[in-house]
$ cat model_26.tsv   # TSV, N, CA and C atoms
chain	number	residue	atom	x	y	z
A	1	MET	N	79.26	17.53	59.21
A	1	MET	CA	78.69	18.27	58.11
A	1	MET	C	79.79	19.09	57.45
A	2	GLU	N	79.91	19.04	56.16
A	2	GLU	CA	80.97	19.72	55.40
A	2	GLU	C	80.52	21.14	55.08
A	3	THR	N	81.45	22.10	55.20
A	3	THR	CA	81.11	23.49	54.86
A	3	THR	C	81.48	23.75	53.41
A	4	LEU	N	80.73	24.63	52.78
A	4	LEU	CA	80.96	24.96	51.39
A	4	LEU	C	82.03	26.03	51.22
A	5	ASP	N	82.40	26.73	52.29
A	5	ASP	CA	83.38	27.81	52.19
A	5	ASP	C	84.73	27.33	51.69
A	6	ASN	N	85.16	26.15	52.07
A	6	ASN	CA	86.47	25.65	51.69
A	6	ASN	C	86.44	24.85	50.39
A	7	ALA	N	85.27	24.59	49.90
A	7	ALA	CA	85.15	23.77	48.70
A	7	ALA	C	85.47	24.61	47.46
A	8	ALA	N	86.20	24.02	46.54
A	8	ALA	CA	86.52	24.71	45.29
A	8	ALA	C	85.27	24.72	44.42
A	9	PRO	N	85.02	25.85	43.72
A	9	PRO	CA	83.82	25.89	42.88
A	9	PRO	C	83.95	24.94	41.69
A	10	ALA	N	82.87	24.34	41.34
A	10	ALA	CA	82.86	23.47	40.17
A	10	ALA	C	83.03	24.33	38.93
A	11	ALA	N	83.63	23.78	37.89
A	11	ALA	CA	83.93	24.52	36.67
A	11	ALA	C	82.68	25.09	36.03
A	12	ASP	N	81.57	24.38	36.15
A	12	ASP	CA	80.35	24.86	35.50
A	12	ASP	C	79.57	25.87	36.34
A	13	THR	N	80.04	26.19	37.55
A	13	THR	CA	79.34	27.15	38.40
A	13	THR	C	80.05	28.50	38.47
A	14	CYS	N	81.08	28.68	37.69
A	14	CYS	CA	81.78	29.95	37.68
A	14	CYS	C	80.84	31.05	37.18
A	15	CYS	N	81.05	32.24	37.70
A	15	CYS	CA	80.16	33.34	37.30
A	15	CYS	C	80.33	33.66	35.81
A	16	THR	N	79.26	34.11	35.23
A	16	THR	CA	79.30	34.47	33.81
A	16	THR	C	79.29	36.00	33.69
A	17	PRO	N	79.92	36.52	32.65
A	17	PRO	CA	79.92	37.97	32.48
A	17	PRO	C	78.50	38.49	32.27
A	18	GLY	N	78.30	39.74	32.67
A	18	GLY	CA	76.99	40.35	32.49
A	18	GLY	C	76.61	40.44	31.02
A	19	ALA	N	75.33	40.44	30.77
A	19	ALA	CA	74.86	40.48	29.39
A	19	ALA	C	74.62	41.90	28.90
A	20	GLY	N	74.78	42.89	29.80
A	20	GLY	CA	74.54	44.28	29.42
A	20	GLY	C	75.60	44.80	28.47
A	21	PRO	N	75.31	45.94	27.82
A	21	PRO	CA	76.27	46.51	26.88
A	21	PRO	C	77.51	47.03	27.60
A	22	VAL	N	78.62	46.90	26.95
A	22	VAL	CA	79.90	47.38	27.48
A	22	VAL	C	80.32	48.58	26.64
A	23	ILE	N	80.79	49.63	27.30
A	23	ILE	CA	81.18	50.82	26.54
A	23	ILE	C	82.47	50.54	25.78
A	24	ASP	N	82.59	51.16	24.62
A	24	ASP	CA	83.78	50.98	23.81
A	24	ASP	C	84.87	51.96	24.26
A	25	GLU	N	86.04	51.86	23.67
A	25	GLU	CA	87.20	52.67	24.07
A	25	GLU	C	86.92	54.16	23.94
A	26	GLN	N	86.28	54.57	22.85
A	26	GLN	CA	86.00	55.99	22.63
A	26	GLN	C	85.05	56.52	23.70
A	27	GLU	N	84.04	55.76	24.03
A	27	GLU	CA	83.09	56.17	25.07
A	27	GLU	C	83.77	56.21	26.43
A	28	ALA	N	84.64	55.26	26.71
A	28	ALA	CA	85.38	55.25	27.97
A	28	ALA	C	86.29	56.47	28.07
A	29	GLN	N	86.93	56.86	26.97
A	29	GLN	CA	87.78	58.05	26.97
A	29	GLN	C	86.96	59.30	27.26
A	30	ARG	N	85.78	59.40	26.67
A	30	ARG	CA	84.92	60.56	26.87
A	30	ARG	C	84.47	60.65	28.32
A	31	LYS	N	84.07	59.53	28.90
A	31	LYS	CA	83.64	59.52	30.30
A	31	LYS	C	84.82	59.80	31.23
A	32	ALA	N	86.00	59.33	30.88
A	32	ALA	CA	87.18	59.61	31.69
A	32	ALA	C	87.50	61.10	31.68
A	33	ARG	N	87.30	61.76	30.54
A	33	ARG	CA	87.54	63.20	30.45
A	33	ARG	C	86.60	63.96	31.40
A	34	ILE	N	85.37	63.50	31.49
A	34	ILE	CA	84.42	64.10	32.43
A	34	ILE	C	84.91	63.92	33.86
A	35	LEU	N	85.30	62.70	34.19
A	35	LEU	CA	85.76	62.43	35.55
A	35	LEU	C	87.03	63.20	35.88
A	36	LYS	N	87.94	63.32	34.93
A	36	LYS	CA	89.17	64.08	35.15
A	36	LYS	C	88.86	65.55	35.40
A	37	ALA	N	87.88	66.08	34.70
A	37	ALA	CA	87.51	67.48	34.90
A	37	ALA	C	86.97	67.69	36.31
A	38	PHE	N	86.24	66.72	36.83
A	38	PHE	CA	85.67	66.81	38.17
A	38	PHE	C	86.66	66.41	39.27
A	39	ALA	N	87.78	65.83	38.91
A	39	ALA	CA	88.68	65.21	39.88
A	39	ALA	C	89.50	66.21	40.70
A	40	ASP	N	89.43	67.47	40.39
A	40	ASP	CA	90.23	68.46	41.12
A	40	ASP	C	89.31	69.34	41.95
A	41	PRO	N	89.60	69.52	43.24
A	41	PRO	CA	88.73	70.34	44.09
A	41	PRO	C	88.63	71.79	43.63
A	42	LYS	N	89.68	72.34	43.08
A	42	LYS	CA	89.64	73.73	42.60
A	42	LYS	C	88.72	73.86	41.40
A	43	ARG	N	88.68	72.86	40.54
A	43	ARG	CA	87.77	72.91	39.39
A	43	ARG	C	86.31	72.81	39.86
A	44	LEU	N	86.06	71.99	40.87
A	44	LEU	CA	84.71	71.92	41.42
A	44	LEU	C	84.32	73.26	42.03
A	45	GLN	N	85.26	73.91	42.71
A	45	GLN	CA	84.98	75.24	43.26
A	45	GLN	C	84.68	76.24	42.15
A	46	LEU	N	85.45	76.19	41.08
A	46	LEU	CA	85.22	77.10	39.95
A	46	LEU	C	83.81	76.91	39.39
A	47	LEU	N	83.42	75.67	39.17
A	47	LEU	CA	82.07	75.40	38.67
A	47	LEU	C	81.01	75.95	39.63
A	48	SER	N	81.25	75.76	40.91
A	48	SER	CA	80.31	76.23	41.93
A	48	SER	C	80.20	77.76	41.92
A	49	ILE	N	81.33	78.44	41.84
A	49	ILE	CA	81.34	79.90	41.82
A	49	ILE	C	80.61	80.43	40.59
A	50	ILE	N	80.92	79.86	39.44
A	50	ILE	CA	80.30	80.32	38.20
A	50	ILE	C	78.81	80.04	38.21
A	51	LYS	N	78.41	78.87	38.70
A	51	LYS	CA	77.00	78.50	38.75
A	51	LYS	C	76.23	79.41	39.71
A	52	ALA	N	76.85	79.78	40.81
A	52	ALA	CA	76.18	80.60	41.83
A	52	ALA	C	76.18	82.09	41.50
A	53	GLY	N	76.88	82.48	40.44
A	53	GLY	CA	76.99	83.89	40.09
A	53	GLY	C	75.65	84.54	39.78
A	54	ASP	N	75.57	85.85	40.02
A	54	ASP	CA	74.34	86.61	39.77
A	54	ASP	C	74.07	86.80	38.29
A	55	SER	N	75.14	86.84	37.49
A	55	SER	CA	74.95	87.05	36.05
A	55	SER	C	75.19	85.74	35.31
A	56	ALA	N	74.97	85.79	34.02
A	56	ALA	CA	75.15	84.59	33.20
A	56	ALA	C	76.62	84.23	33.00
A	57	GLU	N	77.52	85.21	33.22
A	57	GLU	CA	78.94	84.94	33.03
A	57	GLU	C	79.75	85.53	34.17
A	58	THR	N	80.94	84.96	34.36
A	58	THR	CA	81.83	85.41	35.41
A	58	THR	C	83.19	85.71	34.80
A	59	CYS	N	83.73	86.87	35.14
A	59	CYS	CA	85.04	87.27	34.64
A	59	CYS	C	86.13	86.50	35.38
A	60	VAL	N	87.15	86.13	34.64
A	60	VAL	CA	88.27	85.41	35.25
A	60	VAL	C	88.89	86.23	36.38
A	61	CYS	N	88.79	87.55	36.30
A	61	CYS	CA	89.35	88.41	37.35
A	61	CYS	C	88.65	88.20	38.68
A	62	ASN	N	87.44	87.66	38.67
A	62	ASN	CA	86.69	87.40	39.91
A	62	ASN	C	86.87	85.98	40.43
A	63	LEU	N	87.71	85.20	39.78
A	63	LEU	CA	87.86	83.80	40.17
A	63	LEU	C	89.17	83.50	40.89
A	64	THR	N	90.13	84.38	40.81
A	64	THR	CA	91.43	84.09	41.42
A	64	THR	C	91.40	84.24	42.93
A	65	GLU	N	90.81	85.32	43.41
A	65	GLU	CA	90.82	85.58	44.85
A	65	GLU	C	90.09	84.52	45.68
A	66	PRO	N	88.88	84.09	45.30
A	66	PRO	CA	88.20	83.09	46.12
A	66	PRO	C	88.97	81.76	46.22
A	67	LEU	N	89.75	81.45	45.20
A	67	LEU	CA	90.50	80.19	45.20
A	67	LEU	C	91.90	80.33	45.76
A	68	GLU	N	92.31	81.59	45.97
A	68	GLU	CA	93.67	81.88	46.45
A	68	GLU	C	94.71	81.25	45.54
A	69	LEU	N	94.46	81.41	44.23
A	69	LEU	CA	95.38	80.91	43.20
A	69	LEU	C	95.72	82.05	42.26
A	70	GLY	N	96.85	81.91	41.59
A	70	GLY	CA	97.24	82.89	40.59
A	70	GLY	C	96.42	82.75	39.32
A	71	GLN	N	96.41	83.80	38.53
A	71	GLN	CA	95.64	83.80	37.29
A	71	GLN	C	96.05	82.69	36.33
A	72	PRO	N	97.36	82.40	36.15
A	72	PRO	CA	97.72	81.30	35.24
A	72	PRO	C	97.15	79.95	35.67
A	73	THR	N	97.15	79.69	36.97
A	73	THR	CA	96.63	78.42	37.47
A	73	THR	C	95.12	78.34	37.29
A	74	VAL	N	94.43	79.43	37.59
A	74	VAL	CA	92.98	79.46	37.40
A	74	VAL	C	92.66	79.28	35.91
A	75	SER	N	93.40	79.95	35.04
A	75	SER	CA	93.17	79.81	33.60
A	75	SER	C	93.38	78.38	33.14
A	76	HIS	N	94.37	77.70	33.70
A	76	HIS	CA	94.61	76.29	33.36
A	76	HIS	C	93.39	75.44	33.72
A	77	HIS	N	92.88	75.63	34.94
A	77	HIS	CA	91.71	74.86	35.36
A	77	HIS	C	90.49	75.19	34.50
A	78	LEU	N	90.32	76.45	34.17
A	78	LEU	CA	89.20	76.86	33.32
A	78	LEU	C	89.30	76.24	31.94
A	79	LYS	N	90.50	76.15	31.40
A	79	LYS	CA	90.69	75.54	30.08
A	79	LYS	C	90.26	74.07	30.10
A	80	ILE	N	90.60	73.36	31.15
A	80	ILE	CA	90.20	71.96	31.28
A	80	ILE	C	88.68	71.85	31.31
A	81	LEU	N	88.02	72.75	32.03
A	81	LEU	CA	86.56	72.73	32.11
A	81	LEU	C	85.91	73.11	30.78
A	82	VAL	N	86.54	74.03	30.04
A	82	VAL	CA	86.04	74.37	28.70
A	82	VAL	C	86.22	73.18	27.76
A	83	ASP	N	87.41	72.57	27.78
A	83	ASP	CA	87.69	71.43	26.91
A	83	ASP	C	86.77	70.24	27.20
A	84	ALA	N	86.36	70.10	28.46
A	84	ALA	CA	85.47	69.01	28.85
A	84	ALA	C	84.01	69.32	28.50
A	85	GLY	N	83.74	70.54	28.07
A	85	GLY	CA	82.39	70.91	27.64
A	85	GLY	C	81.49	71.46	28.72
A	86	PHE	N	82.05	71.84	29.87
A	86	PHE	CA	81.24	72.38	30.96
A	86	PHE	C	81.09	73.89	30.92
A	87	LEU	N	82.08	74.57	30.38
A	87	LEU	CA	82.07	76.03	30.34
A	87	LEU	C	82.27	76.53	28.92
A	88	THR	N	81.79	77.74	28.67
A	88	THR	CA	82.14	78.45	27.45
A	88	THR	C	82.94	79.68	27.86
A	89	ARG	N	83.76	80.14	26.95
A	89	ARG	CA	84.60	81.31	27.21
A	89	ARG	C	84.35	82.35	26.15
A	90	ARG	N	84.21	83.59	26.59
A	90	ARG	CA	84.03	84.70	25.66
A	90	ARG	C	84.98	85.81	26.08
A	91	ARG	N	85.74	86.32	25.13
A	91	ARG	CA	86.69	87.39	25.41
A	91	ARG	C	86.03	88.74	25.18
A	92	ARG	N	86.31	89.64	26.12
A	92	ARG	CA	85.92	91.04	25.99
A	92	ARG	C	87.14	91.86	26.35
A	93	GLY	N	87.80	92.39	25.33
A	93	GLY	CA	89.05	93.12	25.57
A	93	GLY	C	90.10	92.16	26.08
A	94	THR	N	90.70	92.49	27.22
A	94	THR	CA	91.75	91.64	27.77
A	94	THR	C	91.20	90.58	28.73
A	95	TRP	N	89.92	90.65	29.05
A	95	TRP	CA	89.35	89.72	30.02
A	95	TRP	C	88.58	88.60	29.34
A	96	ALA	N	88.55	87.47	29.99
A	96	ALA	CA	87.76	86.33	29.53
A	96	ALA	C	86.62	86.12	30.51
A	97	TYR	N	85.45	85.86	29.96
A	97	TYR	CA	84.26	85.62	30.76
A	97	TYR	C	83.79	84.19	30.53
A	98	TYR	N	83.43	83.53	31.63
A	98	TYR	CA	83.05	82.12	31.57
A	98	TYR	C	81.61	81.94	32.00
A	99	SER	N	80.95	81.01	31.34
A	99	SER	CA	79.58	80.66	31.72
A	99	SER	C	79.39	79.15	31.56
A	100	LEU	N	78.45	78.64	32.31
A	100	LEU	CA	78.13	77.21	32.22
A	100	LEU	C	77.44	76.92	30.90
A	101	VAL	N	77.78	75.80	30.31
A	101	VAL	CA	77.06	75.33	29.13
A	101	VAL	C	75.73	74.78	29.65
A	102	PRO	N	74.61	75.30	29.14
A	102	PRO	CA	73.31	74.82	29.63
A	102	PRO	C	73.17	73.30	29.52
A	103	GLY	N	72.82	72.68	30.62
A	103	GLY	CA	72.59	71.24	30.64
A	103	GLY	C	73.84	70.38	30.74
A	104	ALA	N	75.03	70.99	30.74
A	104	ALA	CA	76.28	70.20	30.74
A	104	ALA	C	76.45	69.39	32.01
A	105	LEU	N	76.15	69.97	33.16
A	105	LEU	CA	76.31	69.23	34.42
A	105	LEU	C	75.30	68.10	34.52
A	106	GLU	N	74.08	68.36	34.10
A	106	GLU	CA	73.05	67.32	34.13
A	106	GLU	C	73.40	66.19	33.15
A	107	SER	N	73.92	66.57	32.00
A	107	SER	CA	74.32	65.56	31.00
A	107	SER	C	75.47	64.70	31.52
A	108	ALA	N	76.43	65.34	32.21
A	108	ALA	CA	77.55	64.58	32.78
A	108	ALA	C	77.06	63.61	33.83
A	109	ALA	N	76.12	64.04	34.66
A	109	ALA	CA	75.57	63.15	35.68
A	109	ALA	C	74.89	61.95	35.04
A	110	ALA	N	74.14	62.20	33.97
A	110	ALA	CA	73.47	61.10	33.28
A	110	ALA	C	74.47	60.16	32.64
A	111	GLU	N	75.55	60.71	32.09
A	111	GLU	CA	76.61	59.88	31.48
A	111	GLU	C	77.20	58.92	32.50
A	112	LEU	N	77.43	59.42	33.71
A	112	LEU	CA	78.06	58.58	34.73
A	112	LEU	C	77.09	57.55	35.28
A	113	VAL	N	75.83	57.91	35.37
A	113	VAL	CA	74.83	56.95	35.83
A	113	VAL	C	74.69	55.81	34.83
A	114	ASP	N	74.85	56.13	33.55
A	114	ASP	CA	74.71	55.13	32.49
A	114	ASP	C	75.97	54.31	32.26
A	115	LEU	N	76.90	54.34	33.15
A	115	LEU	CA	78.17	53.64	32.98
A	115	LEU	C	77.98	52.18	32.76

$ encode --input "model_26.tsv" --output "structure tokens"
Amino acid sequence: METLDNAAPAADTCCTPGAGPVIDEQEAQRKARILKAFADPKRLQLLSIIKAGDSAETCVCNLTEPLELGQPTVSHHLKILVDAGFLTRRRRGTWAYYSLVPGALESAAAELVDL
């Protein structure tokens, strides 16, 4: 009895591409920006700290110590999260206060599920 494992597939039995929609370059770039924002553990910690905060906003001065990072590094990570649309920034004097954009995390999750 001959096994099919070693047999070469016939030309007409090759798999066909899926018929579902394929995202375009612009959509792929947008989804990649979301993934890049989530790709750093410190940024995930920042989102977690801000989300768990008692108030609607968190001062950057309260974000450096829990991460054991300097203010410039924390500000860099926060800028990436703002640019990705997850946080908003509001200045009060010399301090910047950050808050989650309502629905941004849920929207990002839906974007990735719809890949």

$ select_by_dssp --input "model_26.tsv" --residues "chain A" --states "alpha helix (DSSP H)" --output "short mmCIF file (atom, residue, chain, number, x, y, z; two decimals) with N, CA and C atoms, keeping the file's coordinate frame"
data_model
loop_
_atom_site.label_atom_id
_atom_site.label_comp_id
_atom_site.auth_asym_id
_atom_site.auth_seq_id
_atom_site.Cartn_x
_atom_site.Cartn_y
_atom_site.Cartn_z
N GLU A 25 86.04 51.86 23.67
CA GLU A 25 87.20 52.67 24.07
C GLU A 25 86.92 54.16 23.94
N GLN A 26 86.28 54.57 22.85
CA GLN A 26 86.00 55.99 22.63
C GLN A 26 85.05 56.52 23.70
N GLU A 27 84.04 55.76 24.03
CA GLU A 27 83.09 56.17 25.07
C GLU A 27 83.77 56.21 26.43
N ALA A 28 84.64 55.26 26.71
CA ALA A 28 85.38 55.25 27.97
C ALA A 28 86.29 56.47 28.07
N GLN A 29 86.93 56.86 26.97
CA GLN A 29 87.78 58.05 26.97
C GLN A 29 86.96 59.30 27.26
N ARG A 30 85.78 59.40 26.67
CA ARG A 30 84.92 60.56 26.87
C ARG A 30 84.47 60.65 28.32
N LYS A 31 84.07 59.53 28.90
CA LYS A 31 83.64 59.52 30.30
C LYS A 31 84.82 59.80 31.23
N ALA A 32 86.00 59.33 30.88
CA ALA A 32 87.18 59.61 31.69
C ALA A 32 87.50 61.10 31.68
N ARG A 33 87.30 61.76 30.54
CA ARG A 33 87.54 63.20 30.45
C ARG A 33 86.60 63.96 31.40
N ILE A 34 85.37 63.50 31.49
CA ILE A 34 84.42 64.10 32.43
C ILE A 34 84.91 63.92 33.86
N LEU A 35 85.30 62.70 34.19
CA LEU A 35 85.76 62.43 35.55
C LEU A 35 87.03 63.20 35.88
N LYS A 36 87.94 63.32 34.93
CA LYS A 36 89.17 64.08 35.15
C LYS A 36 88.86 65.55 35.40
N ALA A 37 87.88 66.08 34.70
CA ALA A 37 87.51 67.48 34.90
C ALA A 37 86.97 67.69 36.31
N PHE A 38 86.24 66.72 36.83
CA PHE A 38 85.67 66.81 38.17
C PHE A 38 86.66 66.41 39.27
N PRO A 41 89.60 69.52 43.24
CA PRO A 41 88.73 70.34 44.09
C PRO A 41 88.63 71.79 43.63
N LYS A 42 89.68 72.34 43.08
CA LYS A 42 89.64 73.73 42.60
C LYS A 42 88.72 73.86 41.40
N ARG A 43 88.68 72.86 40.54
CA ARG A 43 87.77 72.91 39.39
C ARG A 43 86.31 72.81 39.86
N LEU A 44 86.06 71.99 40.87
CA LEU A 44 84.71 71.92 41.42
C LEU A 44 84.32 73.26 42.03
N GLN A 45 85.26 73.91 42.71
CA GLN A 45 84.98 75.24 43.26
C GLN A 45 84.68 76.24 42.15
N LEU A 46 85.45 76.19 41.08
CA LEU A 46 85.22 77.10 39.95
C LEU A 46 83.81 76.91 39.39
N LEU A 47 83.42 75.67 39.17
CA LEU A 47 82.07 75.40 38.67
C LEU A 47 81.01 75.95 39.63
N SER A 48 81.25 75.76 40.91
CA SER A 48 80.31 76.23 41.93
C SER A 48 80.20 77.76 41.92
N ILE A 49 81.33 78.44 41.84
CA ILE A 49 81.34 79.90 41.82
C ILE A 49 80.61 80.43 40.59
N ILE A 50 80.92 79.86 39.44
CA ILE A 50 80.30 80.32 38.20
C ILE A 50 78.81 80.04 38.21
N LYS A 51 78.41 78.87 38.70
CA LYS A 51 77.00 78.50 38.75
C LYS A 51 76.23 79.41 39.71
N ALA A 52 76.85 79.78 40.81
CA ALA A 52 76.18 80.60 41.83
C ALA A 52 76.18 82.09 41.50
N THR A 64 90.13 84.38 40.81
CA THR A 64 91.43 84.09 41.42
C THR A 64 91.40 84.24 42.93
N GLU A 65 90.81 85.32 43.41
CA GLU A 65 90.82 85.58 44.85
C GLU A 65 90.09 84.52 45.68
N PRO A 66 88.88 84.09 45.30
CA PRO A 66 88.20 83.09 46.12
C PRO A 66 88.97 81.76 46.22
N LEU A 67 89.75 81.45 45.20
CA LEU A 67 90.50 80.19 45.20
C LEU A 67 91.90 80.33 45.76
N GLN A 71 96.41 83.80 38.53
CA GLN A 71 95.64 83.80 37.29
C GLN A 71 96.05 82.69 36.33
N PRO A 72 97.36 82.40 36.15
CA PRO A 72 97.72 81.30 35.24
C PRO A 72 97.15 79.95 35.67
N THR A 73 97.15 79.69 36.97
CA THR A 73 96.63 78.42 37.47
C THR A 73 95.12 78.34 37.29
N VAL A 74 94.43 79.43 37.59
CA VAL A 74 92.98 79.46 37.40
C VAL A 74 92.66 79.28 35.91
N SER A 75 93.40 79.95 35.04
CA SER A 75 93.17 79.81 33.60
C SER A 75 93.38 78.38 33.14
N HIS A 76 94.37 77.70 33.70
CA HIS A 76 94.61 76.29 33.36
C HIS A 76 93.39 75.44 33.72
N HIS A 77 92.88 75.63 34.94
CA HIS A 77 91.71 74.86 35.36
C HIS A 77 90.49 75.19 34.50
N LEU A 78 90.32 76.45 34.17
CA LEU A 78 89.20 76.86 33.32
C LEU A 78 89.30 76.24 31.94
N LYS A 79 90.50 76.15 31.40
CA LYS A 79 90.69 75.54 30.08
C LYS A 79 90.26 74.07 30.10
N ILE A 80 90.60 73.36 31.15
CA ILE A 80 90.20 71.96 31.28
C ILE A 80 88.68 71.85 31.31
N LEU A 81 88.02 72.75 32.03
CA LEU A 81 86.56 72.73 32.11
C LEU A 81 85.91 73.11 30.78
N VAL A 82 86.54 74.03 30.04
CA VAL A 82 86.04 74.37 28.70
C VAL A 82 86.22 73.18 27.76
N ASP A 83 87.41 72.57 27.78
CA ASP A 83 87.69 71.43 26.91
C ASP A 83 86.77 70.24 27.20
N ALA A 104 75.03 70.99 30.74
CA ALA A 104 76.28 70.20 30.74
C ALA A 104 76.45 69.39 32.01
N LEU A 105 76.15 69.97 33.16
CA LEU A 105 76.31 69.23 34.42
C LEU A 105 75.30 68.10 34.52
N GLU A 106 74.08 68.36 34.10
CA GLU A 106 73.05 67.32 34.13
C GLU A 106 73.40 66.19 33.15
N SER A 107 73.92 66.57 32.00
CA SER A 107 74.32 65.56 31.00
C SER A 107 75.47 64.70 31.52
N ALA A 108 76.43 65.34 32.21
CA ALA A 108 77.55 64.58 32.78
C ALA A 108 77.06 63.61 33.83
N ALA A 109 76.12 64.04 34.66
CA ALA A 109 75.57 63.15 35.68
C ALA A 109 74.89 61.95 35.04
N ALA A 110 74.14 62.20 33.97
CA ALA A 110 73.47 61.10 33.28
C ALA A 110 74.47 60.16 32.64
N GLU A 111 75.55 60.71 32.09
CA GLU A 111 76.61 59.88 31.48
C GLU A 111 77.20 58.92 32.50
N LEU A 112 77.43 59.42 33.71
CA LEU A 112 78.06 58.58 34.73
C LEU A 112 77.09 57.55 35.28
N VAL A 113 75.83 57.91 35.37
CA VAL A 113 74.83 56.95 35.83
C VAL A 113 74.69 55.81 34.83
#

$ axis_aligned_box --input "model_26.tsv" --around "segment 85-89 of chain A" --padding-each-side "3 Å" --output "JSON"
{"center_x": 82.8, "center_y": 76.4, "center_z": 28.6, "size_x": 9.5, "size_y": 17.8, "size_z": 10.8}

$ atom_distance --input "model_26.tsv" --atom1 "atom CA of Glu57 of chain A" --atom2 "atom N of Leu78 of chain A"
14.2 Å

$ closest_residue --input "model_26.tsv" --among "A:Val22, A:Val60, A:Leu67, A:Leu87" --to "Lys42 of chain A" --atoms "all atoms listed in the file"
A:Leu67

$ atom_distance --input "model_26.tsv" --atom1 "atom C of Ala32 of chain A" --atom2 "atom CA of Arg90 of chain A"
24.6 Å

$ atom_distance --input "model_26.tsv" --atom1 "atom CA of Asp24 of chain A" --atom2 "atom CA of Lys79 of chain A"
26.3 Å

$ select_by_dssp --input "model_26.tsv" --residues "chain A" --states "strand (DSSP E or B)" --output "VMD selection string"
chain A and resid 58 to 59 87 to 92 95 to 100

$ residues_around --input "model_26.tsv" --residues "Arg33 of chain A" --least-positions-apart "6" --cutoff "8 Å" --atoms "all atoms listed in the file" --output "short mmCIF file (atom, residue, chain, number, x, y, z; two decimals) with N, CA and C atoms, in the coordinates of the input"
data_model
loop_
_atom_site.label_atom_id
_atom_site.label_comp_id
_atom_site.auth_asym_id
_atom_site.auth_seq_id
_atom_site.Cartn_x
_atom_site.Cartn_y
_atom_site.Cartn_z
N GLU A 27 84.04 55.76 24.03
CA GLU A 27 83.09 56.17 25.07
C GLU A 27 83.77 56.21 26.43
N ALA A 39 87.78 65.83 38.91
CA ALA A 39 88.68 65.21 39.88
C ALA A 39 89.50 66.21 40.70
N ASP A 83 87.41 72.57 27.78
CA ASP A 83 87.69 71.43 26.91
C ASP A 83 86.77 70.24 27.20
N ALA A 84 86.36 70.10 28.46
CA ALA A 84 85.47 69.01 28.85
C ALA A 84 84.01 69.32 28.50
N GLY A 85 83.74 70.54 28.07
CA GLY A 85 82.39 70.91 27.64
C GLY A 85 81.49 71.46 28.72
#
